[in-house]
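Okay, data_32.cif is below, mmCIF, C-alpha atoms and all ligand atoms; chains and numbers go by the auth columns:
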data_protein
#
loop_
_atom_site.group_PDB
_atom_site.id
_atom_site.type_symbol
_atom_site.label_atom_id
_atom_site.label_comp_id
_atom_site.label_asym_id
_atom_site.label_seq_id
_atom_site.Cartn_x
_atom_site.Cartn_y
_atom_site.Cartn_z
_atom_site.B_iso_or_equiv
_atom_site.auth_seq_id
_atom_site.auth_asym_id
ATOM 1 C CA MET A 1 129.237 40.312 129.037 0.00 1 N
ATOM 2 C CA GLU A 2 129.937 36.573 128.751 0.00 2 N
ATOM 3 C CA ARG A 3 127.343 34.249 130.240 0.00 3 N
ATOM 4 C CA ILE A 4 128.291 32.761 133.636 0.00 4 N
ATOM 5 C CA PRO A 5 126.270 29.526 134.127 0.00 5 N
ATOM 6 C CA GLU A 6 124.746 28.697 137.498 0.00 6 N
ATOM 7 C CA PRO A 7 123.859 25.219 138.820 0.00 7 N
ATOM 8 C CA GLU A 8 121.122 23.729 136.660 0.00 8 N
ATOM 9 C CA ILE A 9 118.976 22.123 139.371 0.00 9 N
ATOM 10 C CA MET A 10 117.829 24.128 142.432 0.00 10 N
ATOM 11 C CA ASP A 11 118.175 21.249 144.878 0.00 11 N
ATOM 12 C CA VAL A 12 119.575 23.027 147.956 0.00 12 N
ATOM 13 C CA PRO A 13 116.585 22.925 150.357 0.00 13 N
ATOM 14 C CA GLU A 14 117.246 26.408 151.869 0.00 14 N
ATOM 15 C CA ARG A 15 117.401 27.996 148.411 0.00 15 N
ATOM 16 C CA ALA A 16 114.255 26.190 147.277 0.00 16 N
ATOM 17 C CA GLN A 17 112.484 27.424 150.415 0.00 17 N
ATOM 18 C CA ALA A 18 113.734 31.020 149.942 0.00 18 N
ATOM 19 C CA TYR A 19 112.443 30.886 146.356 0.00 19 N
ATOM 20 C CA ALA A 20 109.059 29.495 147.440 0.00 20 N
ATOM 21 C CA ASP A 21 108.751 32.137 150.188 0.00 21 N
ATOM 22 C CA ALA A 22 109.377 35.049 147.809 0.00 22 N
ATOM 23 C CA ASP A 23 106.369 36.993 146.581 0.00 23 N
ATOM 24 C CA PHE A 24 106.165 36.421 142.822 0.00 24 N
ATOM 25 C CA SER A 25 102.379 36.800 142.824 0.00 25 N
ATOM 26 C CA GLU A 26 102.308 39.770 140.453 0.00 26 N
ATOM 27 C CA VAL A 27 104.651 38.318 137.806 0.00 27 N
ATOM 28 C CA ASN A 28 103.121 34.845 138.109 0.00 28 N
ATOM 29 C CA ALA A 29 99.572 36.208 137.722 0.00 29 N
ATOM 30 C CA ALA A 30 100.691 38.221 134.680 0.00 30 N
ATOM 31 C CA PHE A 31 102.324 35.090 133.216 0.00 31 N
ATOM 32 C CA VAL A 32 99.098 33.114 133.595 0.00 32 N
ATOM 33 C CA GLU A 33 96.971 35.887 132.084 0.00 33 N
ATOM 34 C CA ARG A 34 99.242 36.099 129.043 0.00 34 N
ATOM 35 C CA LEU A 35 99.214 32.307 128.631 0.00 35 N
ATOM 36 C CA VAL A 36 95.426 32.171 128.866 0.00 36 N
ATOM 37 C CA GLU A 37 95.202 35.009 126.331 0.00 37 N
ATOM 38 C CA LEU A 38 97.516 33.178 123.897 0.00 38 N
ATOM 39 C CA ALA A 39 95.580 29.915 124.373 0.00 39 N
ATOM 40 C CA GLY A 40 92.260 31.597 123.495 0.00 40 N
ATOM 41 C CA GLU A 41 89.251 29.284 123.542 0.00 41 N
ATOM 42 C CA LEU A 42 91.185 26.074 124.275 0.00 42 N
ATOM 43 C CA ASP A 43 88.879 24.533 126.920 0.00 43 N
ATOM 44 C CA SER A 44 90.494 21.156 127.260 0.00 44 N
ATOM 45 C CA ALA A 45 94.213 20.537 126.864 0.00 45 N
ATOM 46 C CA ARG A 46 97.178 18.713 128.289 0.00 46 N
ATOM 47 C CA ALA A 47 99.645 21.356 129.478 0.00 47 N
ATOM 48 C CA LEU A 48 103.238 20.957 130.686 0.00 48 N
ATOM 49 C CA ASP A 49 105.242 23.365 132.854 0.00 49 N
ATOM 50 C CA LEU A 50 108.989 22.780 132.465 0.00 50 N
ATOM 51 C CA GLY A 51 111.066 23.671 135.552 0.00 51 N
ATOM 52 C CA THR A 52 107.940 24.169 137.632 0.00 52 N
ATOM 53 C CA GLY A 53 109.740 24.961 140.925 0.00 53 N
ATOM 54 C CA PRO A 54 107.266 25.396 143.810 0.00 54 N
ATOM 55 C CA GLY A 55 104.395 25.163 141.323 0.00 55 N
ATOM 56 C CA ASP A 56 102.711 28.520 141.860 0.00 56 N
ATOM 57 C CA ILE A 57 102.181 29.162 138.144 0.00 57 N
ATOM 58 C CA PRO A 58 100.525 25.828 137.218 0.00 58 N
ATOM 59 C CA LEU A 59 98.361 26.001 140.348 0.00 59 N
ATOM 60 C CA ARG A 60 97.156 29.485 139.348 0.00 60 N
ATOM 61 C CA LEU A 61 96.593 28.224 135.802 0.00 61 N
ATOM 62 C CA ALA A 62 94.506 25.307 137.094 0.00 62 N
ATOM 63 C CA GLN A 63 92.088 27.833 138.601 0.00 63 N
ATOM 64 C CA ARG A 64 91.853 29.806 135.353 0.00 64 N
ATOM 65 C CA ARG A 65 91.566 26.703 133.129 0.00 65 N
ATOM 66 C CA PRO A 66 89.920 23.930 135.224 0.00 66 N
ATOM 67 C CA GLY A 67 89.368 21.805 132.104 0.00 67 N
ATOM 68 C CA TRP A 68 93.100 21.477 131.432 0.00 68 N
ATOM 69 C CA HIS A 69 95.175 18.565 132.671 0.00 69 N
ATOM 70 C CA ILE A 70 98.329 20.292 133.917 0.00 70 N
ATOM 71 C CA THR A 71 101.665 18.641 134.721 0.00 71 N
ATOM 72 C CA GLY A 72 104.619 20.384 136.377 0.00 72 N
ATOM 73 C CA LEU A 73 108.068 18.859 135.793 0.00 73 N
ATOM 74 C CA ASP A 74 111.160 19.630 137.869 0.00 74 N
ATOM 75 C CA ALA A 75 114.446 17.856 138.527 0.00 75 N
ATOM 76 C CA SER A 76 114.699 19.164 142.106 0.00 76 N
ATOM 77 C CA MET A 77 113.141 17.039 144.843 0.00 77 N
ATOM 78 C CA PRO A 78 113.143 19.923 147.373 0.00 78 N
ATOM 79 C CA MET A 79 111.210 22.081 144.883 0.00 79 N
ATOM 80 C CA LEU A 80 108.760 19.276 144.126 0.00 80 N
ATOM 81 C CA ARG A 81 108.101 18.720 147.834 0.00 81 N
ATOM 82 C CA LEU A 82 107.097 22.380 148.122 0.00 82 N
ATOM 83 C CA ALA A 83 104.922 22.083 145.016 0.00 83 N
ATOM 84 C CA GLN A 84 103.246 18.919 146.350 0.00 84 N
ATOM 85 C CA ALA A 85 102.485 20.685 149.625 0.00 85 N
ATOM 86 C CA ALA A 86 100.690 23.490 147.745 0.00 86 N
ATOM 87 C CA ARG A 87 98.945 21.127 145.329 0.00 87 N
ATOM 88 C CA THR A 88 95.432 20.423 146.595 0.00 88 N
ATOM 89 C CA ASP A 89 92.675 22.783 145.482 0.00 89 N
ATOM 90 C CA ALA A 90 89.836 24.098 147.673 0.00 90 N
ATOM 91 C CA SER A 91 87.721 21.000 146.995 0.00 91 N
ATOM 92 C CA GLY A 92 90.554 18.729 148.123 0.00 92 N
ATOM 93 C CA ARG A 93 91.213 17.577 144.553 0.00 93 N
ATOM 94 C CA PRO A 94 94.820 17.574 143.322 0.00 94 N
ATOM 95 C CA ALA A 95 94.813 20.297 140.681 0.00 95 N
ATOM 96 C CA VAL A 96 98.224 19.659 139.095 0.00 96 N
ATOM 97 C CA ASP A 97 100.405 16.558 138.704 0.00 97 N
ATOM 98 C CA PHE A 98 103.973 17.225 139.785 0.00 98 N
ATOM 99 C CA VAL A 99 106.587 14.932 138.271 0.00 99 N
ATOM 100 C CA LEU A 100 110.307 14.507 138.983 0.00 100 N
ATOM 101 C CA GLY A 101 112.442 14.532 135.844 0.00 101 N
ATOM 102 C CA ASP A 102 114.901 16.286 133.575 0.00 102 N
ATOM 103 C CA ALA A 103 113.325 18.591 130.997 0.00 103 N
ATOM 104 C CA LYS A 104 116.008 17.554 128.482 0.00 104 N
ATOM 105 C CA ARG A 105 114.794 13.932 128.732 0.00 105 N
ATOM 106 C CA ALA A 106 111.171 14.465 129.698 0.00 106 N
ATOM 107 C CA PRO A 107 109.403 11.289 130.916 0.00 107 N
ATOM 108 C CA PHE A 108 106.488 11.636 128.456 0.00 108 N
ATOM 109 C CA PRO A 109 105.698 10.112 125.076 0.00 109 N
ATOM 110 C CA SER A 110 106.101 12.182 121.924 0.00 110 N
ATOM 111 C CA ASP A 111 103.137 14.323 120.785 0.00 111 N
ATOM 112 C CA THR A 112 101.527 14.535 124.244 0.00 112 N
ATOM 113 C CA PHE A 113 100.900 18.224 125.086 0.00 113 N
ATOM 114 C CA GLU A 114 98.817 20.947 123.429 0.00 114 N
ATOM 115 C CA VAL A 115 100.438 23.604 125.639 0.00 115 N
ATOM 116 C CA ILE A 116 104.028 23.812 126.881 0.00 116 N
ATOM 117 C CA PHE A 117 105.183 26.651 129.094 0.00 117 N
ATOM 118 C CA SER A 118 108.031 27.652 131.364 0.00 118 N
ATOM 119 C CA ASN A 119 108.979 30.623 133.496 0.00 119 N
ATOM 120 C CA SER A 120 112.451 31.575 134.645 0.00 120 N
ATOM 121 C CA PHE A 121 113.786 28.209 133.559 0.00 121 N
ATOM 122 C CA LEU A 122 115.821 28.567 130.354 0.00 122 N
ATOM 123 C CA HIS A 123 118.743 30.330 132.049 0.00 123 N
ATOM 124 C CA HIS A 124 119.293 27.211 134.207 0.00 124 N
ATOM 125 C CA VAL A 125 119.615 24.915 131.234 0.00 125 N
ATOM 126 C CA VAL A 126 123.138 23.863 130.290 0.00 126 N
ATOM 127 C CA ASP A 127 122.161 22.523 126.852 0.00 127 N
ATOM 128 C CA PRO A 128 119.301 24.734 125.624 0.00 128 N
ATOM 129 C CA ILE A 129 119.204 23.194 122.152 0.00 129 N
ATOM 130 C CA ALA A 130 118.568 19.754 123.665 0.00 130 N
ATOM 131 C CA PHE A 131 115.853 21.380 125.771 0.00 131 N
ATOM 132 C CA TRP A 132 114.084 23.046 122.805 0.00 132 N
ATOM 133 C CA LYS A 133 114.237 19.818 120.819 0.00 133 N
ATOM 134 C CA GLU A 134 112.748 17.912 123.734 0.00 134 N
ATOM 135 C CA ALA A 135 109.970 20.489 124.106 0.00 135 N
ATOM 136 C CA ALA A 136 109.194 20.026 120.406 0.00 136 N
ATOM 137 C CA ARG A 137 109.195 16.233 120.815 0.00 137 N
ATOM 138 C CA VAL A 138 106.615 16.117 123.615 0.00 138 N
ATOM 139 C CA ALA A 139 104.471 18.842 121.982 0.00 139 N
ATOM 140 C CA LYS A 140 101.566 17.893 119.742 0.00 140 N
ATOM 141 C CA PRO A 141 101.764 19.353 116.233 0.00 141 N
ATOM 142 C CA GLY A 142 100.483 22.929 116.442 0.00 142 N
ATOM 143 C CA ALA A 143 100.992 23.136 120.207 0.00 143 N
ATOM 144 C CA LEU A 144 101.323 26.480 121.939 0.00 144 N
ATOM 145 C CA LEU A 145 104.726 27.249 123.417 0.00 145 N
ATOM 146 C CA PHE A 146 105.042 30.105 125.893 0.00 146 N
ATOM 147 C CA ALA A 147 108.113 30.950 127.962 0.00 147 N
ATOM 148 C CA ARG A 148 109.420 33.923 129.893 0.00 148 N
ATOM 149 C CA ASP A 149 112.936 34.218 131.175 0.00 149 N
ATOM 150 C CA LEU A 150 115.574 36.613 132.351 0.00 150 N
ATOM 151 C CA LEU A 151 117.628 38.652 129.910 0.00 151 N
ATOM 152 C CA ARG A 152 121.384 38.973 130.457 0.00 152 N
ATOM 153 C CA PRO A 153 122.425 42.571 131.294 0.00 153 N
ATOM 154 C CA GLU A 154 125.406 44.349 129.741 0.00 154 N
ATOM 155 C CA SER A 155 127.670 43.997 132.784 0.00 155 N
ATOM 156 C CA PRO A 156 127.881 42.645 136.360 0.00 156 N
ATOM 157 C CA GLU A 157 127.292 46.239 137.573 0.00 157 N
ATOM 158 C CA ALA A 158 124.077 46.443 135.541 0.00 158 N
ATOM 159 C CA ALA A 159 123.000 43.093 137.016 0.00 159 N
ATOM 160 C CA ARG A 160 123.673 44.357 140.548 0.00 160 N
ATOM 161 C CA ALA A 161 121.648 47.511 139.818 0.00 161 N
ATOM 162 C CA LEU A 162 118.693 45.399 138.610 0.00 162 N
ATOM 163 C CA VAL A 163 118.804 43.358 141.828 0.00 163 N
ATOM 164 C CA GLU A 164 118.721 46.522 143.925 0.00 164 N
ATOM 165 C CA THR A 165 115.925 48.050 141.826 0.00 165 N
ATOM 166 C CA HIS A 166 113.665 45.009 141.793 0.00 166 N
ATOM 167 C CA ALA A 167 114.585 42.889 144.848 0.00 167 N
ATOM 168 C CA ALA A 168 116.132 45.250 147.410 0.00 168 N
ATOM 169 C CA ASP A 169 114.112 43.929 150.357 0.00 169 N
ATOM 170 C CA GLU A 170 114.167 40.224 149.477 0.00 170 N
ATOM 171 C CA HIS A 171 115.956 37.439 151.403 0.00 171 N
ATOM 172 C CA PRO A 172 119.770 37.620 150.853 0.00 172 N
ATOM 173 C CA LEU A 173 119.782 34.096 149.348 0.00 173 N
ATOM 174 C CA LEU A 174 117.105 35.137 146.881 0.00 174 N
ATOM 175 C CA LYS A 175 119.016 38.311 145.942 0.00 175 N
ATOM 176 C CA GLU A 176 122.152 36.249 145.358 0.00 176 N
ATOM 177 C CA ASP A 177 120.212 33.768 143.215 0.00 177 N
ATOM 178 C CA PHE A 178 118.633 36.617 141.221 0.00 178 N
ATOM 179 C CA TYR A 179 122.072 38.169 140.567 0.00 179 N
ATOM 180 C CA ASN A 180 123.562 34.812 139.524 0.00 180 N
ATOM 181 C CA SER A 181 120.517 34.087 137.360 0.00 181 N
ATOM 182 C CA LEU A 182 120.915 37.406 135.521 0.00 182 N
ATOM 183 C CA LEU A 183 124.554 36.534 134.749 0.00 183 N
ATOM 184 C CA ALA A 184 123.466 33.059 133.587 0.00 184 N
ATOM 185 C CA SER A 185 120.705 34.338 131.311 0.00 185 N
ATOM 186 C CA TYR A 186 120.767 34.278 127.539 0.00 186 N
ATOM 187 C CA SER A 187 120.571 37.274 125.214 0.00 187 N
ATOM 188 C CA THR A 188 117.770 37.664 122.674 0.00 188 N
ATOM 189 C CA ASP A 189 120.151 36.753 119.841 0.00 189 N
ATOM 190 C CA GLU A 190 121.371 33.657 121.680 0.00 190 N
ATOM 191 C CA VAL A 191 117.792 32.430 122.207 0.00 191 N
ATOM 192 C CA LYS A 192 116.970 33.048 118.527 0.00 192 N
ATOM 193 C CA GLU A 193 120.084 31.098 117.564 0.00 193 N
ATOM 194 C CA GLN A 194 119.091 28.212 119.877 0.00 194 N
ATOM 195 C CA LEU A 195 115.626 28.056 118.339 0.00 195 N
ATOM 196 C CA TYR A 196 117.016 28.207 114.821 0.00 196 N
ATOM 197 C CA THR A 197 119.478 25.379 115.562 0.00 197 N
ATOM 198 C CA ALA A 198 116.725 23.310 117.206 0.00 198 N
ATOM 199 C CA GLY A 199 114.581 23.735 114.082 0.00 199 N
ATOM 200 C CA ALA A 200 112.048 26.086 115.675 0.00 200 N
ATOM 201 C CA ALA A 201 113.012 29.375 114.014 0.00 201 N
ATOM 202 C CA ARG A 202 109.400 30.588 113.684 0.00 202 N
ATOM 203 C CA ILE A 203 109.139 31.087 117.440 0.00 203 N
ATOM 204 C CA GLU A 204 109.032 34.770 118.442 0.00 204 N
ATOM 205 C CA VAL A 205 111.492 36.242 120.946 0.00 205 N
ATOM 206 C CA GLN A 206 110.763 39.670 122.440 0.00 206 N
ATOM 207 C CA GLU A 207 112.257 41.798 125.211 0.00 207 N
ATOM 208 C CA ILE A 208 109.302 42.749 127.428 0.00 208 N
ATOM 209 C CA THR A 209 110.995 44.501 130.401 0.00 209 N
ATOM 210 C CA ASP A 210 114.497 45.658 131.389 0.00 210 N
ATOM 211 C CA ARG A 211 115.221 42.079 132.532 0.00 211 N
ATOM 212 C CA HIS A 212 112.760 39.721 130.801 0.00 212 N
ATOM 213 C CA LEU A 213 112.337 37.922 127.489 0.00 213 N
ATOM 214 C CA GLU A 214 109.133 36.425 126.147 0.00 214 N
ATOM 215 C CA ILE A 215 109.224 33.463 123.776 0.00 215 N
ATOM 216 C CA PHE A 216 106.063 32.169 122.122 0.00 216 N
ATOM 217 C CA SER A 217 104.553 30.447 119.137 0.00 217 N
ATOM 218 C CA ALA A 218 102.815 27.413 117.846 0.00 218 N
ATOM 219 C CA LEU A 219 105.523 24.783 117.692 0.00 219 N
HETATM 220 C C1 LIG B . 114.088 29.733 138.921 0.00 301 Z
HETATM 221 S S1 LIG B . 113.188 28.261 139.156 0.00 301 Z
HETATM 222 C C2 LIG B . 111.657 28.709 138.377 0.00 301 Z
HETATM 223 C C3 LIG B . 110.497 27.957 138.964 0.00 301 Z
HETATM 224 C C4 LIG B . 109.121 28.294 138.371 0.00 301 Z
HETATM 225 N N1 LIG B . 109.064 28.053 136.946 0.00 301 Z
HETATM 226 C C5 LIG B . 108.708 29.700 138.694 0.00 301 Z
HETATM 227 O O1 LIG B . 108.618 30.517 137.788 0.00 301 Z
HETATM 228 O O2 LIG B . 108.475 29.994 139.867 0.00 301 Z
HETATM 229 C C6 LIG B . 113.892 27.142 137.965 0.00 301 Z
HETATM 230 C C7 LIG B . 113.513 25.685 138.212 0.00 301 Z
HETATM 231 O O3 LIG B . 113.969 24.888 137.112 0.00 301 Z
HETATM 232 C C8 LIG B . 114.421 23.645 137.640 0.00 301 Z
HETATM 233 N N2 LIG B . 115.301 23.003 136.661 0.00 301 Z
HETATM 234 C C9 LIG B . 116.515 23.418 136.254 0.00 301 Z
HETATM 235 N N3 LIG B . 117.007 22.591 135.318 0.00 301 Z
HETATM 236 C C10 LIG B . 116.086 21.617 135.123 0.00 301 Z
HETATM 237 C C11 LIG B . 116.013 20.499 134.257 0.00 301 Z
HETATM 238 N N4 LIG B . 116.984 20.199 133.390 0.00 301 Z
HETATM 239 N N5 LIG B . 114.902 19.745 134.281 0.00 301 Z
HETATM 240 C C12 LIG B . 113.889 20.033 135.137 0.00 301 Z
HETATM 241 N N6 LIG B . 113.896 21.083 135.985 0.00 301 Z
HETATM 242 C C13 LIG B . 114.977 21.872 135.979 0.00 301 Z
HETATM 243 C C14 LIG B . 115.104 24.040 138.933 0.00 301 Z
HETATM 244 O O4 LIG B . 115.271 22.927 139.803 0.00 301 Z
HETATM 245 C C15 LIG B . 114.145 25.097 139.461 0.00 301 Z
HETATM 246 O O5 LIG B . 113.152 24.534 140.270 0.00 301 Z
#

Could you take the file, read its structure, and then write that structure out as C-alpha cells?
Amino acid sequence: MERIPEPEIMDVPERAQAYADADFSEVNAAFVERLVELAGELDSARALDLGTGPGDIPLRLAQRRPGWHITGLDASMPMLRLAQAARTDASGRPAVDFVLGDAKRAPFPSDTFEVIFSNSFLHHVVDPIAFWKEAARVAKPGALLFARDLLRPESPEAARALVETHAADEHPLLKEDFYNSLLASYSTDEVKEQLYTAGAARIEVQEITDRHLEIFSAL
C-alpha cells in the first residue's frame, strides 16, 4: 500500500486533547523502560524528545532519570499547552523543559544532546531525511538515538482491523487519527533507506509488534 501522509503538526485543539486524554500509560512506560535500559549507567545527560506531544514520556523519564536535563520539542502550541500543564513534579519543580519548534530545524546548537528519542513521531514528518540529519546535528558524537513508531500495514483493511483490535473503545477522533497514522507510517525498508540517505546506516530498525517499529543506535 502507498503511504498516505497526514498533517504534520497536531495543532487542532480537540485532537490534541483527545490524544492527551487517551491512556497510553502501558506503551509509554514500556518506552521509558527500554530507553533507560539502552542508556545503561548514564547518570547525567541532556536528552531531547522530538515531537513530544502532551509530554507524558519525558515526564515519566524525568522520574526514572532525575539527573538528566530533559527537553521536549513540539511544533504544536495546543500540544505544548497540555505538556506545560502536566509539567511540574511533586516537589513543584519543573521536571522537563518544553520548547516550541520544528524538529527539522531544531532550535539548539550542534552537538548538544547525549540522548535523542521520539515516539510515534516519524510518520508525521514530511521530509524524514531532513529530520534524521537534524537529529544527527544536535546529537553529541556517540549519542544514543531511540525511536518507536507505527509500521504501515499491507492495506487500508488491515489498518482498520488494527484500529478495531487495539483501540476499539477509544474516542472516535483518536480512532480516526490512529487509522490515518497507520496509513501515513513508513515501512521498515523505507526507514532503512532514510537512514542510509541521511548517513546513519548503522542505526538498527526492527519490527517489534504487529504495528510498531523500533529504531536505535549510537549516532
Ligand atoms: C502522535 S504525536 C506523539 C506525541 C508523543 N511523542 C507521544 O508519544 O505521546 C506526534 C507529535 O509530533 C508533533 N510534530 C509533528 N511534526 C513535527 C515537527 N516537524 N516538529 C515538531 N513536532 C512535530 C505533533 O504536533 C504531535 O504533537

From N:Ser187, N:Ser110, N:Gln194, N:Asn180, residue lying nearest Ile129 (chain N) [only C-alpha atoms]: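 Closest residue, counting only C-alpha atoms: N:Gln194.
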
Just want the residues within 6 Å of ligand LIG 301 (chain Z), written as a PyMOL selection string, counting all atoms listed in the file. chain N and resi 8-10+51-53+73-76+79+101-104+118-121+124-125

Mind writing the picked residues with C-alpha atoms as an mmCIF file, in the frame of the given file?
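Saved the output as part_6.cif:
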data_model
loop_
_atom_site.group_PDB
_atom_site.id
_atom_site.type_symbol
_atom_site.label_atom_id
_atom_site.label_comp_id
_atom_site.auth_asym_id
_atom_site.auth_seq_id
_atom_site.Cartn_x
_atom_site.Cartn_y
_atom_site.Cartn_z
ATOM 1 C CA GLU N 8 121.122 23.729 136.660
ATOM 2 C CA ILE N 9 118.976 22.123 139.371
ATOM 3 C CA MET N 10 117.829 24.128 142.432
ATOM 4 C CA GLY N 51 111.066 23.671 135.552
ATOM 5 C CA THR N 52 107.940 24.169 137.632
ATOM 6 C CA GLY N 53 109.740 24.961 140.925
ATOM 7 C CA LEU N 73 108.068 18.859 135.793
ATOM 8 C CA ASP N 74 111.160 19.630 137.869
ATOM 9 C CA ALA N 75 114.446 17.856 138.527
ATOM 10 C CA SER N 76 114.699 19.164 142.106
ATOM 11 C CA MET N 79 111.210 22.081 144.883
ATOM 12 C CA GLY N 101 112.442 14.532 135.844
ATOM 13 C CA ASP N 102 114.901 16.286 133.575
ATOM 14 C CA ALA N 103 113.325 18.591 130.997
ATOM 15 C CA LYS N 104 116.008 17.554 128.482
ATOM 16 C CA SER N 118 108.031 27.652 131.364
ATOM 17 C CA ASN N 119 108.979 30.623 133.496
ATOM 18 C CA SER N 120 112.451 31.575 134.645
ATOM 19 C CA PHE N 121 113.786 28.209 133.559
ATOM 20 C CA HIS N 124 119.293 27.211 134.207
ATOM 21 C CA VAL N 125 119.615 24.915 131.234
#

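Closest approach to Glu176 (chain N) from the set N:Ala18, N:Leu150, N:Ala130, N:Ala198 is made by N:Ala18, with distances taken over all atoms listed in the file.
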
Nearest residue to Gly55 (chain N) from the set N:Ile116, N:Val99, N:Leu162, N:Leu174 (distances using only C-alpha atoms):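 Looking only at the distances to Gly55 (chain N), the closest residue turns out to be N:Val99.
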
Name the residues captured by the PyMOL selection byres (((chain N and resi 148) around 10) and not hetatm) when it is applied to the shown file; answer as a list in words. Phe31, Phe117, Ser118, Asn119, Ser120, Phe121, Leu122, Phe146, Ala147, Asp149, Leu150, Leu151, Val205, Gln206, Glu207, Ile208, His212, Leu213, Glu214, Ile215 and Phe216 of chain N

Name every residue that the PyMOL selection byres (((chain N and resi 54) around 12) and not hetatm) selects in this structure, writing the answer as a compact mmCIF listing (two decimals) with C-alpha atoms, in the frame of the given file with chains first and numbers rising.
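Wrote selection_1.txt, looks like this:
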# COMPACT_ATOMS: atom_id res chain seq x y z
CA MET N 10 117.83 24.13 142.43
CA ASP N 11 118.18 21.25 144.88
CA PRO N 13 116.58 22.92 150.36
CA ARG N 15 117.40 28.00 148.41
CA ALA N 16 114.26 26.19 147.28
CA GLN N 17 112.48 27.42 150.42
CA ALA N 18 113.73 31.02 149.94
CA TYR N 19 112.44 30.89 146.36
CA ALA N 20 109.06 29.50 147.44
CA ASP N 21 108.75 32.14 150.19
CA ALA N 22 109.38 35.05 147.81
CA ASP N 23 106.37 36.99 146.58
CA PHE N 24 106.16 36.42 142.82
CA ASN N 28 103.12 34.84 138.11
CA ASP N 49 105.24 23.36 132.85
CA LEU N 50 108.99 22.78 132.46
CA GLY N 51 111.07 23.67 135.55
CA THR N 52 107.94 24.17 137.63
CA GLY N 53 109.74 24.96 140.93
CA GLY N 55 104.40 25.16 141.32
CA ASP N 56 102.71 28.52 141.86
CA ILE N 57 102.18 29.16 138.14
CA PRO N 58 100.52 25.83 137.22
CA LEU N 59 98.36 26.00 140.35
CA ARG N 60 97.16 29.48 139.35
CA GLY N 72 104.62 20.38 136.38
CA LEU N 73 108.07 18.86 135.79
CA ASP N 74 111.16 19.63 137.87
CA ALA N 75 114.45 17.86 138.53
CA SER N 76 114.70 19.16 142.11
CA MET N 77 113.14 17.04 144.84
CA PRO N 78 113.14 19.92 147.37
CA MET N 79 111.21 22.08 144.88
CA LEU N 80 108.76 19.28 144.13
CA ARG N 81 108.10 18.72 147.83
CA LEU N 82 107.10 22.38 148.12
CA ALA N 83 104.92 22.08 145.02
CA GLN N 84 103.25 18.92 146.35
CA ALA N 85 102.48 20.68 149.62
CA ALA N 86 100.69 23.49 147.74
CA ARG N 87 98.94 21.13 145.33
CA VAL N 96 98.22 19.66 139.10
CA PHE N 98 103.97 17.23 139.78
CA VAL N 99 106.59 14.93 138.27
CA ASN N 119 108.98 30.62 133.50

Given the file shown, determine the residues that the PyMOL selection byres (((chain N and resi 192) around 10) and not hetatm) selects; report them as a ChimeraX atom specification. /N:186-191,193-198,200-206,215

Taking all atoms listed in the file into account, name the residue in N:Pro5, N:Asp127, N:Ala45, N:Glu14 that is nearest to His171 (chain N).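 Ranked by minimum distance to His171 (chain N), first place goes to N:Glu14.
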
For Leu42 (chain N), work out the shell of residues within 9 Å, counting all atoms listed in the file and skipping chain neighbours fewer than 4 positions away, then give it as a list of chain:residue names. N:Val36, N:Arg65, N:Trp68

CA of Ala139 (chain N) to CA of Pro109 (chain N), straight-line distance in Å: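 Going from CA of Pro109 (chain N) over to CA of Ala139 (chain N) covers 9.3 Å.
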
Between CA of Met1 (chain N) and CA of Ala167 (chain N), measure the distance and give it in Å to one decimal. 21.7 Å

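Shortest atom-to-atom contact with Phe131 (chain N) among N:Pro153, N:Ser44, N:Ala168, N:Ala106: N:Ala106, counting only C-alpha atoms.
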
Separation of CA of Ala135 (chain N) from CA of Arg211 (chain N) in Å: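 Between these atoms lies a distance of 23.8 Å.
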
Taking all atoms listed in the file into account, name the residue in N:Val27, N:Leu182, N:Ala62, N:Ile70 that is nearest to Val163 (chain N).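 Nearest to Val163 (chain N): N:Leu182.
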